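Enquirer: Contents of run-v1.txt (compact mmCIF, C-alpha atoms) are below:
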# COMPACT_ATOMS: atom_id res chain seq x y z
CA MET B 483 -153.03 15.22 122.61
CA SER B 484 -151.98 12.73 119.95
CA LEU B 485 -154.19 11.27 117.35
CA SER B 486 -153.79 7.70 116.15
CA LEU B 487 -155.51 5.96 113.33
CA ASP B 488 -156.54 2.40 113.83
CA LEU B 489 -156.18 1.01 110.33
CA PRO B 490 -157.28 -2.53 109.66
CA ALA B 491 -154.50 -4.99 108.93
CA PRO B 492 -154.15 -5.82 105.26
CA ARG B 493 -155.84 -8.99 104.21
CA GLU B 494 -153.58 -11.91 103.44
CA GLY B 495 -155.28 -12.82 100.20
CA VAL B 496 -153.95 -14.96 97.37
CA LEU B 497 -152.95 -11.97 95.26
CA ARG B 498 -151.02 -10.38 98.11
CA ARG B 499 -149.14 -13.58 98.85
CA LEU B 500 -148.37 -13.95 95.14
CA SER B 501 -147.12 -10.35 95.05
CA ASP B 502 -144.81 -10.99 98.00
CA VAL B 503 -143.39 -14.07 96.30
CA LEU B 504 -142.72 -12.17 93.07
CA VAL B 505 -141.05 -9.30 94.91
CA ARG B 506 -138.72 -11.68 96.71
CA ARG B 507 -137.93 -13.68 93.57
CA GLY B 508 -136.95 -11.22 90.88
CA ARG B 509 -135.96 -13.87 88.35
CA LEU B 510 -139.40 -15.47 88.56
CA LEU B 511 -141.04 -12.08 87.97
CA THR B 512 -138.78 -11.48 84.93
CA LEU B 513 -139.62 -14.92 83.55
CA LEU B 514 -143.37 -14.34 83.91
CA LEU B 515 -143.08 -10.95 82.17
CA LEU B 516 -141.08 -12.39 79.27
CA LEU B 517 -143.04 -15.61 78.91
CA PRO B 518 -146.00 -14.25 76.84
CA PRO B 519 -143.87 -12.50 74.16
CA LEU B 520 -141.45 -15.44 74.05
CA LEU B 521 -144.31 -17.88 73.57
CA TRP B 522 -145.74 -15.67 70.82
CA LEU B 523 -142.35 -15.43 69.13
CA GLY B 524 -141.61 -19.11 69.52
CA LEU B 525 -144.97 -20.54 68.51
CA VAL B 526 -146.33 -18.06 65.99
CA TYR B 527 -143.22 -16.67 64.30
CA LEU B 528 -140.49 -19.27 64.71
CA GLY B 529 -142.94 -22.16 64.65
CA SER B 530 -144.51 -21.12 61.36
CA LEU B 531 -141.06 -20.31 59.93
CA PHE B 532 -139.65 -23.74 60.77
CA VAL B 533 -142.75 -25.46 59.42
CA PHE B 534 -142.33 -23.57 56.15
CA LEU B 535 -138.58 -24.20 55.94
CA GLY B 536 -139.19 -27.87 56.68
CA GLN B 537 -141.02 -28.13 53.36
CA SER B 538 -137.64 -27.83 51.60
CA ILE B 539 -136.90 -31.53 52.25
CA PHE B 540 -139.92 -32.49 50.15
CA SER B 541 -140.40 -32.30 46.39
CA ILE B 542 -143.12 -31.42 43.94
CA ASP B 543 -144.69 -33.86 41.49
CA GLU B 544 -144.23 -32.28 38.07
CA PHE B 545 -147.32 -33.93 36.60
CA SER B 546 -149.90 -33.46 39.35
CA GLY B 547 -148.35 -30.41 41.04
CA THR B 548 -148.82 -31.97 44.47
CA ILE B 549 -146.20 -32.12 47.19
CA VAL B 550 -144.51 -35.49 47.60
CA ARG B 551 -143.91 -35.75 51.35
CA GLU B 552 -140.89 -38.01 51.19
CA PRO B 553 -137.55 -36.62 52.45
CA THR B 554 -135.20 -35.83 49.58
CA THR B 555 -132.30 -33.52 48.78
CA ALA B 556 -133.45 -32.97 45.19
CA THR B 557 -135.22 -29.70 46.00
CA LEU B 558 -132.19 -28.23 47.75
CA LEU B 559 -129.95 -29.30 44.88
CA GLU B 560 -132.20 -27.38 42.48
CA LEU B 561 -130.75 -24.18 43.95
CA PHE B 562 -127.50 -25.01 42.12
CA ARG B 563 -129.17 -25.05 38.73
CA PRO B 564 -127.84 -22.14 36.61
CA ALA B 565 -131.13 -20.22 36.58
CA ASN B 566 -131.64 -20.51 40.34
CA TYR B 567 -127.98 -19.94 41.14
CA ASP B 568 -128.12 -16.71 39.10
CA ILE B 569 -131.02 -15.51 41.28
CA VAL B 570 -128.94 -16.02 44.42
CA LEU B 571 -125.87 -14.28 43.01
CA ARG B 572 -127.96 -11.42 41.58
CA THR B 573 -129.64 -10.76 44.92
CA ILE B 574 -126.38 -10.86 46.88
CA GLY B 575 -124.77 -8.53 44.32
CA ILE B 576 -127.60 -5.99 44.58
CA ALA B 577 -127.55 -6.14 48.39
CA ALA B 578 -123.77 -5.64 48.42
CA ALA B 579 -124.01 -2.67 46.01
CA VAL B 580 -126.71 -1.03 48.14
CA THR B 581 -124.65 -1.55 51.30
CA VAL B 582 -121.50 -0.03 49.79
CA LEU B 583 -123.41 2.94 48.36
CA CYS B 584 -125.16 3.56 51.69
CA ALA B 585 -121.82 3.49 53.52
CA ILE B 586 -120.23 5.95 51.08
CA ILE B 587 -123.13 8.41 51.39
CA ALA B 588 -123.69 7.95 55.12
CA PHE B 589 -120.13 8.34 56.37
CA PRO B 590 -119.57 12.06 55.60
CA ILE B 591 -123.07 12.93 56.83
CA ALA B 592 -122.56 11.00 60.06
CA TYR B 593 -119.05 12.43 60.50
CA TYR B 594 -120.30 16.00 60.27
CA ALA B 595 -123.12 15.30 62.75
CA ALA B 596 -120.76 13.59 65.19
CA ARG B 597 -117.79 15.97 65.07
CA TYR B 598 -119.03 19.43 64.07
CA ALA B 599 -122.80 19.79 64.54
CA GLY B 600 -124.02 21.77 67.54
CA PRO B 601 -127.04 20.78 69.65
CA LYS B 602 -129.61 22.54 67.43
CA VAL B 603 -128.04 21.29 64.21
CA LYS B 604 -127.84 17.79 65.63
CA ALA B 605 -131.53 17.87 66.54
CA ALA B 606 -132.34 18.96 62.99
CA PHE B 607 -130.05 16.20 61.73
CA TYR B 608 -131.93 13.48 63.63
CA LEU B 609 -135.23 14.89 62.41
CA ALA B 610 -134.04 14.92 58.80
CA VAL B 611 -132.72 11.36 59.03
CA MET B 612 -135.82 9.96 60.71
CA MET B 613 -138.44 11.86 58.72
CA PRO B 614 -138.34 9.59 55.63
CA LEU B 615 -139.14 6.64 57.90
CA TRP B 616 -142.43 8.25 58.89
CA SER B 617 -143.95 8.04 55.42
CA SER B 618 -145.42 4.96 53.79
CA TYR B 619 -143.02 2.46 52.26
CA LEU B 620 -145.14 2.09 49.12
CA VAL B 621 -145.53 5.86 48.73
CA LYS B 622 -141.75 6.24 48.72
CA VAL B 623 -141.28 3.41 46.23
CA TYR B 624 -143.89 4.75 43.80
CA GLY B 625 -142.44 8.24 44.26
CA TRP B 626 -139.08 6.94 43.08
CA LYS B 627 -140.85 5.12 40.25
CA LEU B 628 -142.03 8.52 38.98
CA LEU B 629 -138.64 10.15 39.52
CA LEU B 630 -136.83 7.41 37.61
CA ALA B 631 -139.30 7.22 34.73
CA LYS B 632 -138.06 8.27 31.30
CA GLU B 633 -140.19 11.41 31.48
CA GLY B 634 -139.52 11.91 35.20
CA ALA B 635 -137.52 14.52 37.09
CA ILE B 636 -134.15 12.78 36.70
CA GLY B 637 -134.57 12.50 32.94
CA TRP B 638 -135.67 16.15 32.77
CA PHE B 639 -132.60 17.33 34.71
CA ALA B 640 -130.34 15.18 32.53
CA ALA B 641 -131.81 16.81 29.41
CA LYS B 642 -131.37 20.32 30.86
CA LEU B 643 -127.72 19.60 31.70
CA GLY B 644 -127.03 17.98 28.35
CA LEU B 645 -126.45 14.57 29.91
CA THR B 646 -129.12 12.64 28.03
CA GLY B 647 -126.50 10.88 25.93
CA ALA B 648 -124.53 9.83 29.01
CA LEU B 649 -127.71 8.56 30.68
CA GLU B 650 -128.66 6.53 27.60
CA ALA B 651 -125.14 5.14 27.38
CA TRP B 652 -125.36 4.06 31.02
CA LEU B 653 -128.74 2.42 30.45
CA ALA B 654 -127.29 0.54 27.49
CA LEU B 655 -124.81 -1.28 29.72
CA PRO B 656 -125.82 -4.95 30.21
CA LEU B 657 -125.51 -5.34 34.00
CA VAL B 658 -126.82 -1.98 35.22
CA GLY B 659 -129.08 -0.65 32.49
CA GLY B 660 -132.52 -1.21 31.04
CA PRO B 661 -135.23 0.55 29.02
CA SER B 662 -135.26 3.37 31.60
CA LEU B 663 -134.03 4.04 35.11
CA SER B 664 -137.41 2.91 36.45
CA VAL B 665 -136.86 -0.54 34.91
CA SER B 666 -133.20 -1.19 35.67
CA TYR B 667 -130.80 -2.44 38.30
CA THR B 668 -129.54 1.13 38.71
CA GLY B 669 -133.01 2.36 39.63
CA MET B 670 -133.46 -0.56 42.00
CA VAL B 671 -130.17 0.19 43.80
CA LEU B 672 -130.97 3.91 44.03
CA THR B 673 -134.39 3.20 45.53
CA PHE B 674 -133.01 0.70 48.04
CA THR B 675 -130.29 3.18 49.00
CA TYR B 676 -132.84 5.88 49.72
CA LEU B 677 -135.01 3.51 51.74
CA TRP B 678 -132.26 2.05 53.94
CA LEU B 679 -129.87 5.03 54.23
CA PRO B 680 -131.13 6.06 57.72
CA PHE B 681 -130.29 2.57 59.00
CA MET B 682 -126.68 3.18 57.97
CA ILE B 683 -126.34 6.80 59.11
CA LEU B 684 -127.40 6.31 62.72
CA PRO B 685 -125.02 3.45 63.68
CA VAL B 686 -122.10 5.17 61.93
CA GLN B 687 -122.86 8.44 63.71
CA ALA B 688 -123.05 6.65 67.06
CA ALA B 689 -119.70 4.94 66.41
CA LEU B 690 -118.03 8.20 65.37
CA GLU B 691 -119.19 9.93 68.53
CA ARG B 692 -117.30 7.31 70.54
CA VAL B 693 -114.01 8.09 68.78
CA PRO B 694 -111.88 9.92 71.42
CA PRO B 695 -111.14 13.46 70.15
CA HIS B 696 -107.74 13.47 71.88
CA LEU B 697 -106.53 10.68 69.58
CA ILE B 698 -107.25 12.80 66.53
CA GLU B 699 -105.66 15.84 68.13
CA ALA B 700 -102.58 13.86 69.16
CA ALA B 701 -102.14 12.49 65.65
CA GLY B 702 -102.37 16.00 64.25
CA ASP B 703 -99.86 17.30 66.79
CA LEU B 704 -97.44 14.57 65.74
CA GLY B 705 -97.64 15.75 62.13
CA ALA B 706 -99.98 13.14 60.67
CA ALA B 707 -101.78 14.27 57.53
CA PRO B 708 -105.61 14.31 57.62
CA ALA B 709 -105.75 11.38 55.20
CA LEU B 710 -103.45 9.35 57.44
CA VAL B 711 -105.50 10.21 60.54
CA PHE B 712 -108.66 9.13 58.77
CA ARG B 713 -107.13 5.87 57.52
CA THR B 714 -105.40 4.82 60.75
CA ILE B 715 -107.64 6.22 63.50
CA ILE B 716 -111.09 7.36 62.44
CA LEU B 717 -112.02 4.62 59.97
CA PRO B 718 -110.87 1.63 62.11
CA LEU B 719 -112.68 2.95 65.19
CA ALA B 720 -115.82 3.73 63.17
CA MET B 721 -115.82 0.40 61.32
CA PRO B 722 -118.05 -1.38 63.90
CA GLY B 723 -120.72 1.25 63.19
CA VAL B 724 -120.34 0.75 59.44
CA VAL B 725 -120.69 -3.01 59.83
CA ALA B 726 -123.69 -2.54 62.14
CA GLY B 727 -125.37 -0.39 59.49
CA ALA B 728 -124.43 -2.95 56.85
CA ILE B 729 -126.32 -5.61 58.80
CA PHE B 730 -129.51 -3.60 58.32
CA THR B 731 -128.99 -2.51 54.71
CA PHE B 732 -127.76 -5.89 53.52
CA SER B 733 -130.45 -7.97 55.23
CA LEU B 734 -133.31 -5.64 54.31
CA THR B 735 -132.26 -5.63 50.64
CA LEU B 736 -131.69 -9.38 50.63
CA GLY B 737 -135.28 -10.19 51.56
CA ASP B 738 -137.21 -7.40 49.83
CA TYR B 739 -139.43 -8.24 46.89
CA ILE B 740 -141.62 -5.13 46.57
CA VAL B 741 -139.01 -2.78 45.11
CA PRO B 742 -137.86 -5.32 42.47
CA GLN B 743 -141.52 -5.95 41.64
CA ILE B 744 -142.21 -2.25 41.01
CA ILE B 745 -138.90 -0.88 39.76
CA GLY B 746 -136.73 -3.87 38.86
CA THR B 747 -136.27 -5.74 35.62
CA SER B 748 -137.86 -9.04 34.62
CA ALA B 749 -134.96 -10.94 36.23
CA LEU B 750 -136.02 -12.33 39.60
CA VAL B 751 -134.38 -11.80 42.98
CA LEU B 752 -134.74 -14.05 46.03
CA GLY B 753 -137.82 -12.35 47.47
CA GLN B 754 -139.61 -12.46 44.14
CA ALA B 755 -138.66 -16.10 43.63
CA VAL B 756 -140.14 -17.10 47.00
CA TYR B 757 -143.27 -15.03 46.37
CA THR B 758 -143.79 -16.47 42.90
CA LEU B 759 -143.04 -20.08 43.79
CA GLN B 760 -145.32 -20.24 46.82
CA GLY B 761 -148.07 -18.24 45.11
CA THR B 762 -148.38 -18.45 41.34
CA ALA B 763 -146.31 -21.60 40.75
CA GLY B 764 -147.45 -23.41 43.88
CA ASN B 765 -144.01 -24.98 44.38
CA ILE B 766 -143.81 -24.71 48.16
CA PRO B 767 -140.72 -26.96 48.57
CA LEU B 768 -138.58 -24.88 46.20
CA ALA B 769 -139.88 -21.66 47.76
CA ALA B 770 -138.80 -22.99 51.17
CA ALA B 771 -135.39 -23.91 49.75
CA PHE B 772 -134.95 -20.38 48.41
CA SER B 773 -135.96 -19.03 51.85
CA LEU B 774 -133.05 -20.88 53.41
CA VAL B 775 -130.54 -18.92 51.32
CA PRO B 776 -130.91 -15.47 52.97
CA ILE B 777 -130.95 -17.12 56.41
CA LEU B 778 -127.65 -18.89 55.71
CA VAL B 779 -126.13 -15.81 54.10
CA MET B 780 -127.07 -13.62 57.07
CA ALA B 781 -125.79 -16.26 59.51
CA VAL B 782 -122.36 -16.05 57.87
CA PHE B 783 -122.58 -12.25 57.67
CA LEU B 784 -123.50 -11.90 61.36
CA THR B 785 -120.73 -14.27 62.39
CA LEU B 786 -118.18 -12.10 60.59
CA ALA B 787 -119.78 -8.89 61.88
CA LYS B 788 -119.59 -10.08 65.48
CA ARG B 789 -115.80 -10.28 65.22
CA THR B 790 -115.63 -6.58 64.34
CA GLY B 791 -117.58 -5.52 67.44
CA ALA B 792 -120.51 -4.36 65.30
CA PHE B 793 -123.10 -5.49 67.84
CA ASP B 794 -121.77 -2.90 70.28
CA ALA B 795 -122.74 -0.17 67.79
CA LEU B 796 -126.33 -1.33 67.36
Rewrite the structure of this file - the entire thing - as structure tokens.

Expert:
Amino acid sequence: MSLSLDLPAPREGVLRRLSDVLVRRGRLLTLLLLLPPLLWLGLVYLGSLFVFLGQSIFSIDEFSGTIVREPTTATLLELFRPANYDIVLRTIGIAAAVTVLCAIIAFPIAYYAARYAGPKVKAAFYLAVMMPLWSSYLVKVYGWKLLLAKEGAIGWFAAKLGLTGALEAWLALPLVGGPSLSVSYTGMVLTFTYLWLPFMILPVQAALERVPPHLIEAAGDLGAAPALVFRTIILPLAMPGVVAGAIFTFSLTLGDYIVPQIIGTSALVLGQAVYTLQGTAGNIPLAAAFSLVPILVMAVFLTLAKRTGAFDAL
């Protein structure tokens, strides 16, 4: 004796027909899924950004402080004034110094994790690298403000080691020093390096793990010294990861204004200039012109990075 269930036929409603159409047309389904975030990105983020950047073709009336909405290149040309040009060069110099320092610190850490660390050590490595990212940005910045203060931990250790004179001599240098580490370019670079170091370590570690071990072993079997192996095999193959990390460290430093506001000197960087001009000074056109600089700099940087294969290491 067999049992059969007489189930009613499914209703051919609008939703079911729509579901059948979406199943048959995968591209349409993908488009509908991506449409809301793309509209949000295009209208809210890119739209507001382009509206703001478009203000750079206008100028400010020096007497009334109002925006003169007549197209002009005068605002853009103001970027080449010595004071404004110094802001651009200063910011690029700080971003480059942070990127180089992050690469120097990150490479040996990433190399150990990629070549020698076992599964448990590697898990602890990822935890240690990611843990600083879990805390508040401002907490970390103010923590470094206390560490770098004249009476902070770094100054205390320098006094215990008899290095107070060397520290004061360093702070007396014109380009890197200041009243204390907490008000100097050195302190700013150290803080940025701590903040962005994980963004350099992870791409470098990923690139080093893709270096074929047999190439290193073959070079050693052929009598190549470790320095030669590093220079001719390891570093070139790991360079896309270094450049990928540099994209993060350089761009994040280029646009930051909070760290220079808390730890930096009185000399402005790009982020501070934009913040001050659109807020306190009310010079929206010049603020928009300054905002174009990091976009253009990163466009050139990304174009060069693409040629190294850095995007494959992201």

Enquirer: List as a count of residues only the residues having at least one atom at most 12 Å from position (-121.1, 10.8, 58.1) as given in the file, counting all atoms listed in the file.

Expert: 35

Enquirer: Within 9 Å of range 531-545 of chain B, which residues of range 732-782 of chain B show up? Give each one with its shortest atom-to-atom distance in Å (one decimal) and the two atoms involved, counting all atoms listed in the file, rows by chain then rising residue number, as JSON lines.

Expert:
{"residue": "B:Asn765", "atom": "CA", "partner": "B:Ile542", "partner_atom": "CA", "distance": 6.5}
{"residue": "B:Ile766", "atom": "CA", "partner": "B:Gln537", "partner_atom": "CA", "distance": 6.8}
{"residue": "B:Pro767", "atom": "CA", "partner": "B:Ser538", "partner_atom": "CA", "distance": 4.4}
{"residue": "B:Leu768", "atom": "CA", "partner": "B:Ser538", "partner_atom": "CA", "distance": 6.2}
{"residue": "B:Ala769", "atom": "CA", "partner": "B:Ser538", "partner_atom": "CA", "distance": 7.6}
{"residue": "B:Ala770", "atom": "CA", "partner": "B:Leu535", "partner_atom": "CA", "distance": 4.9}
{"residue": "B:Ala771", "atom": "CA", "partner": "B:Ser538", "partner_atom": "CA", "distance": 4.9}
{"residue": "B:Phe772", "atom": "CA", "partner": "B:Ser538", "partner_atom": "CA", "distance": 8.5}
{"residue": "B:Ser773", "atom": "CA", "partner": "B:Leu535", "partner_atom": "CA", "distance": 7.1}
{"residue": "B:Leu774", "atom": "CA", "partner": "B:Leu535", "partner_atom": "CA", "distance": 6.9}

Enquirer: Between CA of Leu649 in chain B and CA of Ser662 in chain B, what is the distance, to one decimal in Å?

Expert: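 Taking CA of Leu649 in chain B as the start and CA of Ser662 in chain B as the end point, the length is 9.2 Å.
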
Enquirer: I'd like the neighbourhood of Ala787 in chain B as a ChimeraX atom specification, where a residue qualifies if any of its atoms comes within 8 Å (using all atoms listed in the file), though same-chain residues fewer than 6 positions away should be ignored.

Expert: /B:722,725-726,729,793

Enquirer: Rank nothing, just name the residue among B:Gly637, B:Ala707, B:Thr675, B:Met721 nearest to Val693 in chain B, using all atoms listed in the file.

Expert: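 Closest to Val693 in chain B, using all atoms listed in the file: B:Met721.
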
Enquirer: Sorted by chain and rising residue number, list the residues of range 522-599 of chain B at most 10 Å from range 663-669 of chain B (counting only C-alpha atoms), each with its closest atom pair and distance in Å to one decimal, as CSV.

Expert:
residue,atom,partner,partner_atom,distance
B:Arg572,CA,B:Tyr667,CA,10.0
B:Ile576,CA,B:Tyr667,CA,7.9
B:Ala579,CA,B:Thr668,CA,9.9

Enquirer: How many Å separate CA of Tyr624 in chain B from CA of Ile740 in chain B?

Expert: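 Separation of CA of Tyr624 in chain B and CA of Ile740 in chain B: 10.5 Å.
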
Enquirer: Using only C-alpha atoms, can you list as JSON, numbers by chain the residues within 10 Å of (-128.3, -10.1, 52.5)?

Expert: {"B": [573, 574, 575, 576, 577, 578, 581, 728, 729, 730, 731, 732, 733, 734, 735, 736, 737, 738, 752, 775, 776, 777, 778, 779, 780, 781, 782, 783]}

Enquirer: Restricting the calculation to all atoms listed in the file, which member of B:Phe712, B:Trp638, B:Trp652, B:Trp626 is positioned closest to Leu672 in chain B?

Expert: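 Checking each of B:Phe712, B:Trp638, B:Trp652, B:Trp626 against Leu672 in chain B, counting all atoms listed in the file, the winner is B:Trp626.
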
Enquirer: Separation of CA of Leu628 in chain B and CA of Tyr676 in chain B, in Å?

Expert: 14.4 Å

Enquirer: Using all atoms listed in the file, which of the listed residues (B:Ala701, B:Leu719, B:Ala648, B:Met670) sits closest to Val623 in chain B?

Expert: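 Residue with the minimum atom-to-atom distance to Val623 in chain B: B:Met670.
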
Enquirer: Pick from B:Val503, B:Leu630, B:Leu520, B:Ala755: nearest to Gly660 in chain B, with all atoms listed in the file counted?

Expert: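 Nearest to Gly660 in chain B: B:Leu630.
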